[in-house]
Amino acid sequence: MKTYKTILLLALVMLTMAATPASAGKKETFAIGDKTFLLNGKPFVVKAAEVHYPRIPQAYWEHRIKMCKALGMNAVCIYIFWNIHEQREGQFDFTGNNDVAAFCRLAQKNGMYVIVRPGPYVCAEWEMGGLPWWLLKKKDIKLRERDPYFMERVKIFEQKVGEQLAPLTIQNGGPIIMVQVENEYGSYGEDKPYVSEIRDCLRGIYGSELTLFQCDWASNFEKNGLDDLVWTMNFGTGANIDQQFRRLGELRPNAPKMCSEFWSGWFDKWGARHETRPAKDMVAGMEEMLQKGISFSLYMTHGGTSFGHWAGANSPGFAPDVTSYDYDAPINEYGQTTPKYFELREMMAKYNDGKKLPAVPKAPMPIVTVPKFQLTEFATLMTAVADNGKTENGALRTFEEMDMGWGTMIYSTRLPEITSSSVLTGEFHDFAQVFIDGKYIGKIDRVKNEKSLTLPAVKKGADLTIIVEGMGRINFGRAIKDFKGIVGNVTLTTETDDVEMVLTPKNWTNVAIPDDYETAKKALDLVRDFNNKHHLEGSIPGAAVTRNYEESAKLVPFMKPGYHRGYFNLKKVGDTFLNFETWGKGQVWVNGHAMGRIWSIGPQQTLYVPGCWLKKGMNEVIVLDVVGPKEAVVWGQDKPELNKLQLEKSNKHNNIGDKPDLNSATPVATGSFKAGNGWQTVKFPTASKGRYLAIECLSAQDGKDQMAIAELYLQGGDGKRLSREPWTAKYADSEEDNGNHTLDKVYDLQESTYWQTVRGASLPHLMVIDLGSVQTVTALEYLPRAEQGAPGSVKDYRIFIY
């Protein structure tokens with residue numbers, strides 16, 4: 001009996017210990033001292049690793065945290081992604097892969113502090129910068145401003161996050177040492193009252209003792225800097241660090257310095273080369289900061305994967321991000337070490353207070369390969385319409401008006417007789433395919449800034465059908481208010497007997513098909529069950545079952561866009577990389593898990609599939625291909641393919657037909673830029689009107705032939721910067737495309753990226769930007785590269801507006 005009681009007592013003690021939250025540790029303090037942070041009253045340099053919990057399977061969280069600690073980091077820095085926690089208004093999810101409190105407790109368990117960045121906006125190359133799509137159901141909403149509805153929803157969200165994380169602040173014995181107020185707001189606007197309201201909201205949730213901070217770029221942090229917040233700078237590998245902190249040092253000489261985002265690499269976009277940045281430059285910058293007592297967060301230390309539809313898009317224009325968020329980080333997409341990791345670890349070991357760094361943990365899963373297999377089951381998009389689509393008739397509707405966040409819309413209407421060809425025009429967000437009576441006519445790709453397509457002559461009653469796939473919403477800049485589907489009206493313009501006619505169809509059938517696994521599975525199961533019931537053999541493309549619903553859907557069946565399903569077997573479970581280079585464009589699910597987007601143009605051709613989501617025996621793969629594959633085959637390889645482009649034409653802007661003849665043109669300004677870092681402005685003697693900006697770069701500051709420009713702005717007649725949203729790259733005589741230093745980098749809102757000519761290309765260099773329409777221009781603003789010495793800076797120039 002005594003033994004039994006002893007065992008029972010021990011069991012109760014163990015249960016009590018297990019139930020005790022990991023955050024119930026010794027209470028500590030974190031504060032601001034003289035030129036330093038203070039942890040428990042002693043000087044403390046923050047060495048944070050940026051990681052994103054939704055981009056890592058929960059089963060791998062602890063491994064990734066341990067990988068960061070083995071680098072010599074003492075903290076992890078995390079965004080809180082509003083739109084993944086509240087995917088429907090008022091429905092919050094903090095479970096499973098969304099259990100951010102569990103992530104923080106794991107960090108504390110492994111001796112790491114936590115920096116929390118709860119937005120509400122986060123950027124992060126994430127769908128709509130973390131803002132939920134359903135905000136756009138209120139068409140006139142003002143995002144990231146003191147719009148009453150926006151602020152109401154922000155405060156509800158922040159309160160819900162606070163319920164998870166406020167008990168885990170350092171004052172409560174938890175690991176959270178700092179919380180960020182908004183995110184890089186200076187790149188969006190100037191609105192201190194709005195930033196102040198976000199600050200007050202967070203202060204009310206986390207208390208007066210927790211350190212709050214805000215981050216921005218050195219060029220814009222003064223726009224919204226609040227007196228009672230810590231100010232931190234964001235900049236990347238190779239930056240001139242003294243220059244980045246110069247102004248902060250003048251304004252707050254006794255404040256601690258911190259780079260809250262030190263960019264280890266960069267993100268990839270569809271249709272461009274994989275981005276990399278040298279390890280030696282990253283390590284040198286971090287060591288310089290450590291030598292000077294400057295805190296940092298390495299963005300990214302481990303990037304991970306934007307699973308499902310969560311990858312965003314950048315602006316100006318529309319530049320969607322790929323699924324992989326590898327970021328050329330020290331820890332790669334699948335959680336393993338890179339040469340960059342070991343170079344950094346060697347340096348960090350010197351700044352670990354004489355202690356030995358922890359051993360690098362072993363990967364939780366091996367890498368496995370999968371032999372080539374076919375996806376033999378097929379169901380058309382129409383099958384999903386029949387089973388799960390939402391239909392409305394009348395005017396054109398956007399995704400948001402159809403109460404759909406992500407997916408595909410099918411729009412159809414009957415046309416009158418049009419005896420000659422016509423031009424179809426509209427705003428298609430984001431990838432549209434046009435059919436007449438079921439025949440494919442062509443595509444309209446927002447990435448290429450396309451807005452129109454020529455149609456053939458049609459008979460009365462012809463069916464015009466437009467299938468529009470929405471990609472990630474824009475995550476940076478003013479264009480984050482990014483509606484999906486057909487935005488506005490569609491017009492058809494034709495000429496008959498020298499008379500131009502413009503038709504604007506008003507009576508449309510709008511069908512919304514969400515991109516979730518349940519919709520895909522139901523469509524495929526419906527076809528399979530139909531085939532089994534009627535004893536049909538082989539791969540039946542769903543036409544028969546589709547025809548049963550044709551009349552009710554009022555649409556024609558399309559055989560190419562649709563769902564494909566296949567299976568592969570595993571004897572041993574492990575991480576793998578499924579190759580989709582023979583496919584068109586769409587999304588993939590494995591065992592019900594959303595893997596991400598695919599697009600044959602590259603550079604990404606494989607999807608990372610975590611072994612923790614696989615199983616021994618049979619595994620299911622479903623592909624939604626809105627274009628259709630060349631071959632419906634998939635295989636799993638032992639390494640990713642992140643840099644294979646399959647473009648219809650080069651992404652360079654060197655078409656000789658686009659080169660202007662400037663021999664007889666008069667420049668609006670000539671002169672020489674000053675050497676060194678920082679913005680410079682060239683005022684024109686008189687205002688000039690034109691649609692195109694051309695800059696002839698005659699010489700470089702270093703006397704060599706290679707030149708670079710980081711950013712350009714033009715000032716209008718009122719002296720304010722013109723919007724760069726409609727800008728497109730027209731012509732460049734030289735572009736270094738292997739490093740993604742193409743011309744579009746001069747207006748991509750990122751001061752650390754740049755256009756750069758190829759070394760050895762002869763002078764002068766010419767670049768031309770299409771402003772989208774005729775503009776009145778009074779000045780040009782020019783930013784050279786941000787690195788020490790501003791390499792490749794332009795010296796002598798001629799500027800043309802024509």
# chains A, B, ... in the order shown; residues from 1 in each chain; ligands from 1

call {"tool": "residues_around", "arguments": {"residues": "range 180-188 of chain A", "least_positions_apart": "6", "cutoff": "7 Å", "atoms": "only C-alpha atoms", "output": "ChimeraX atom specification"}}
result
/A:116-122,195,198-199,212-216,220-221,223-224,477-478

call {"tool": "select_by_dssp", "arguments": {"residues": "range 372-539 of chain A", "states": "alpha helix (DSSP H)", "output": "JSON, numbers by chain"}}
result
{"A": [381, 382, 383, 384, 385, 386, 387, 388, 517, 518, 519, 520, 521, 522, 523, 524, 525, 526, 527, 528, 529, 530, 531, 532, 533]}

call {"tool": "write_last_selection", "arguments": {"atoms": "N, CA and C atoms", "output": "mmCIF file, in the first residue's frame"}}
result
data_model
loop_
_atom_site.group_PDB
_atom_site.id
_atom_site.type_symbol
_atom_site.label_atom_id
_atom_site.label_comp_id
_atom_site.auth_asym_id
_atom_site.auth_seq_id
_atom_site.Cartn_x
_atom_site.Cartn_y
_atom_site.Cartn_z
ATOM 1 N N LEU A 381 -12.145 22.026 -63.845
ATOM 2 C CA LEU A 381 -12.601 23.082 -62.942
ATOM 3 C C LEU A 381 -14.124 23.107 -62.876
ATOM 4 N N MET A 382 -14.745 22.757 -64.001
ATOM 5 C CA MET A 382 -16.197 22.738 -64.040
ATOM 6 C C MET A 382 -16.799 21.772 -63.024
ATOM 7 N N THR A 383 -16.073 20.693 -62.745
ATOM 8 C CA THR A 383 -16.572 19.740 -61.762
ATOM 9 C C THR A 383 -16.662 20.394 -60.392
ATOM 10 N N ALA A 384 -15.678 21.227 -60.076
ATOM 11 C CA ALA A 384 -15.708 21.953 -58.808
ATOM 12 C C ALA A 384 -16.851 22.954 -58.788
ATOM 13 N N VAL A 385 -17.152 23.531 -59.962
ATOM 14 C CA VAL A 385 -18.283 24.451 -60.042
ATOM 15 C C VAL A 385 -19.565 23.728 -59.663
ATOM 16 N N ALA A 386 -19.704 22.532 -60.218
ATOM 17 C CA ALA A 386 -20.916 21.765 -59.973
ATOM 18 C C ALA A 386 -21.073 21.395 -58.514
ATOM 19 N N ASP A 387 -19.944 21.127 -57.863
ATOM 20 C CA ASP A 387 -20.014 20.583 -56.510
ATOM 21 C C ASP A 387 -19.845 21.627 -55.413
ATOM 22 N N ASN A 388 -19.003 22.637 -55.679
ATOM 23 C CA ASN A 388 -18.642 23.520 -54.571
ATOM 24 C C ASN A 388 -18.559 24.994 -54.964
ATOM 25 N N TYR A 517 -8.213 22.399 -50.166
ATOM 26 C CA TYR A 517 -8.082 20.961 -50.415
ATOM 27 C C TYR A 517 -9.439 20.291 -50.541
ATOM 28 N N GLU A 518 -10.384 20.700 -49.715
ATOM 29 C CA GLU A 518 -11.701 20.067 -49.722
ATOM 30 C C GLU A 518 -12.365 20.201 -51.094
ATOM 31 N N THR A 519 -12.244 21.388 -51.708
ATOM 32 C CA THR A 519 -12.832 21.588 -53.031
ATOM 33 C C THR A 519 -12.179 20.685 -54.062
ATOM 34 N N ALA A 520 -10.843 20.620 -54.030
ATOM 35 C CA ALA A 520 -10.116 19.777 -54.980
ATOM 36 C C ALA A 520 -10.476 18.306 -54.817
ATOM 37 N N LYS A 521 -10.514 17.833 -53.579
ATOM 38 C CA LYS A 521 -10.795 16.421 -53.311
ATOM 39 C C LYS A 521 -12.218 16.051 -53.736
ATOM 40 N N LYS A 522 -13.180 16.920 -53.422
ATOM 41 C CA LYS A 522 -14.567 16.629 -53.789
ATOM 42 C C LYS A 522 -14.728 16.499 -55.298
ATOM 43 N N ALA A 523 -14.057 17.394 -56.044
ATOM 44 C CA ALA A 523 -14.163 17.345 -57.504
ATOM 45 C C ALA A 523 -13.603 16.034 -58.039
ATOM 46 N N LEU A 524 -12.446 15.626 -57.541
ATOM 47 C CA LEU A 524 -11.821 14.382 -58.007
ATOM 48 C C LEU A 524 -12.627 13.154 -57.573
ATOM 49 N N ASP A 525 -13.125 13.183 -56.351
ATOM 50 C CA ASP A 525 -13.930 12.050 -55.868
ATOM 51 C C ASP A 525 -15.209 11.916 -56.679
ATOM 52 N N LEU A 526 -15.795 13.064 -57.065
ATOM 53 C CA LEU A 526 -17.024 13.035 -57.844
ATOM 54 C C LEU A 526 -16.791 12.338 -59.181
ATOM 55 N N VAL A 527 -15.701 12.680 -59.855
ATOM 56 C CA VAL A 527 -15.381 12.046 -61.138
ATOM 57 C C VAL A 527 -15.087 10.561 -60.950
ATOM 58 N N ARG A 528 -14.298 10.240 -59.925
ATOM 59 C CA ARG A 528 -13.956 8.840 -59.675
ATOM 60 C C ARG A 528 -15.208 8.006 -59.400
ATOM 61 N N ASP A 529 -16.094 8.526 -58.577
ATOM 62 C CA ASP A 529 -17.316 7.786 -58.260
ATOM 63 C C ASP A 529 -18.197 7.628 -59.497
ATOM 64 N N PHE A 530 -18.267 8.677 -60.315
ATOM 65 C CA PHE A 530 -19.058 8.606 -61.544
ATOM 66 C C PHE A 530 -18.487 7.540 -62.479
ATOM 67 N N ASN A 531 -17.157 7.557 -62.623
ATOM 68 C CA ASN A 531 -16.514 6.574 -63.498
ATOM 69 C C ASN A 531 -16.721 5.152 -62.988
ATOM 70 N N ASN A 532 -16.600 4.977 -61.683
ATOM 71 C CA ASN A 532 -16.800 3.640 -61.118
ATOM 72 C C ASN A 532 -18.230 3.165 -61.317
ATOM 73 N N LYS A 533 -19.164 4.090 -61.122
ATOM 74 C CA LYS A 533 -20.575 3.723 -61.244
ATOM 75 C C LYS A 533 -20.913 3.302 -62.668
#

call {"tool": "atom_distance", "arguments": {"atom1": "CA of Thr742 in chain A", "atom2": "CA of Tyr754 in chain A"}}
result
7.5 Å

call {"tool": "residues_around", "arguments": {"residues": "Ile170 in chain A", "least_positions_apart": "6", "cutoff": "8 Å", "atoms": "only C-alpha atoms", "output": "PyMOL selection string"}}
result
chain A and resi 27-30+176-177+210

call {"tool": "residues_around", "arguments": {"residues": "Leu298 in chain A", "least_positions_apart": "5", "cutoff": "6 Å", "atoms": "only C-alpha atoms", "output": "NGL selection string"}}
result
:A and (49-50 or 261-262)

call {"tool": "residues_around", "arguments": {"residues": "Gly90 in chain A", "least_positions_apart": "5", "cutoff": "10 Å", "atoms": "only C-alpha atoms", "output": "number ranges by chain"}}
result
A: 85, 153, 156-157

call {"tool": "residues_around", "arguments": {"residues": "range 450-457 of chain A", "least_positions_apart": "5", "cutoff": "9 Å", "atoms": "only C-alpha atoms", "output": "ChimeraX atom specification"}}
result
/A:417-428,434,436,441-445,492

call {"tool": "write_last_selection", "arguments": {"atoms": "N, CA and C atoms", "output": "compact mmCIF listing (two decimals), in the first residue's frame"}}
result
# COMPACT_ATOMS: atom_id res chain seq x y z
N GLU A 417 -23.17 39.77 -82.11
CA GLU A 417 -22.33 39.53 -83.29
C GLU A 417 -21.31 40.65 -83.43
N ILE A 418 -20.07 40.27 -83.63
CA ILE A 418 -18.98 41.23 -83.86
C ILE A 418 -18.28 40.77 -85.13
N THR A 419 -18.42 41.51 -86.21
CA THR A 419 -18.01 41.04 -87.53
C THR A 419 -16.52 41.15 -87.80
N SER A 420 -15.80 41.89 -86.97
CA SER A 420 -14.34 41.99 -87.13
C SER A 420 -13.68 41.73 -85.79
N SER A 421 -12.38 41.70 -85.80
CA SER A 421 -11.67 41.46 -84.55
C SER A 421 -11.92 42.59 -83.56
N SER A 422 -11.79 42.30 -82.29
CA SER A 422 -11.99 43.30 -81.25
C SER A 422 -10.90 43.16 -80.20
N VAL A 423 -10.72 44.19 -79.41
CA VAL A 423 -9.73 44.18 -78.33
C VAL A 423 -10.46 44.16 -77.00
N LEU A 424 -10.23 43.09 -76.26
CA LEU A 424 -10.80 42.96 -74.91
C LEU A 424 -9.85 43.62 -73.92
N THR A 425 -10.40 44.49 -73.08
CA THR A 425 -9.57 45.25 -72.13
C THR A 425 -10.20 45.22 -70.75
N GLY A 426 -9.34 45.15 -69.73
CA GLY A 426 -9.82 45.19 -68.35
C GLY A 426 -8.67 45.06 -67.38
N GLU A 427 -9.01 45.06 -66.09
CA GLU A 427 -8.03 44.83 -65.02
C GLU A 427 -8.23 43.41 -64.51
N PHE A 428 -7.30 42.53 -64.85
CA PHE A 428 -7.42 41.11 -64.51
C PHE A 428 -6.38 40.78 -63.43
N VAL A 434 -8.64 33.36 -71.69
CA VAL A 434 -9.86 33.76 -72.39
C VAL A 434 -10.26 32.67 -73.38
N ILE A 436 -13.55 31.45 -76.19
CA ILE A 436 -14.80 31.73 -76.90
C ILE A 436 -15.37 30.41 -77.37
N ILE A 441 -8.32 31.31 -76.52
CA ILE A 441 -7.92 32.44 -77.37
C ILE A 441 -6.55 32.98 -76.94
N GLY A 442 -6.33 33.08 -75.64
CA GLY A 442 -5.06 33.62 -75.17
C GLY A 442 -5.12 33.96 -73.70
N LYS A 443 -4.01 34.50 -73.17
CA LYS A 443 -3.92 34.81 -71.75
C LYS A 443 -3.58 36.29 -71.55
N ILE A 444 -3.91 36.78 -70.37
CA ILE A 444 -3.57 38.15 -69.97
C ILE A 444 -2.90 38.05 -68.61
N ASP A 445 -1.62 38.39 -68.58
CA ASP A 445 -0.78 38.15 -67.40
C ASP A 445 -0.46 39.48 -66.73
N LEU A 492 -14.98 45.65 -74.95
CA LEU A 492 -14.55 45.14 -76.23
C LEU A 492 -14.62 46.28 -77.22

call {"tool": "closest_residue", "arguments": {"among": "A:Thr776, A:Gln637, A:Gln433, A:Thr276", "to": "Asn738 in chain A", "atoms": "only C-alpha atoms"}}
result
A:Thr276
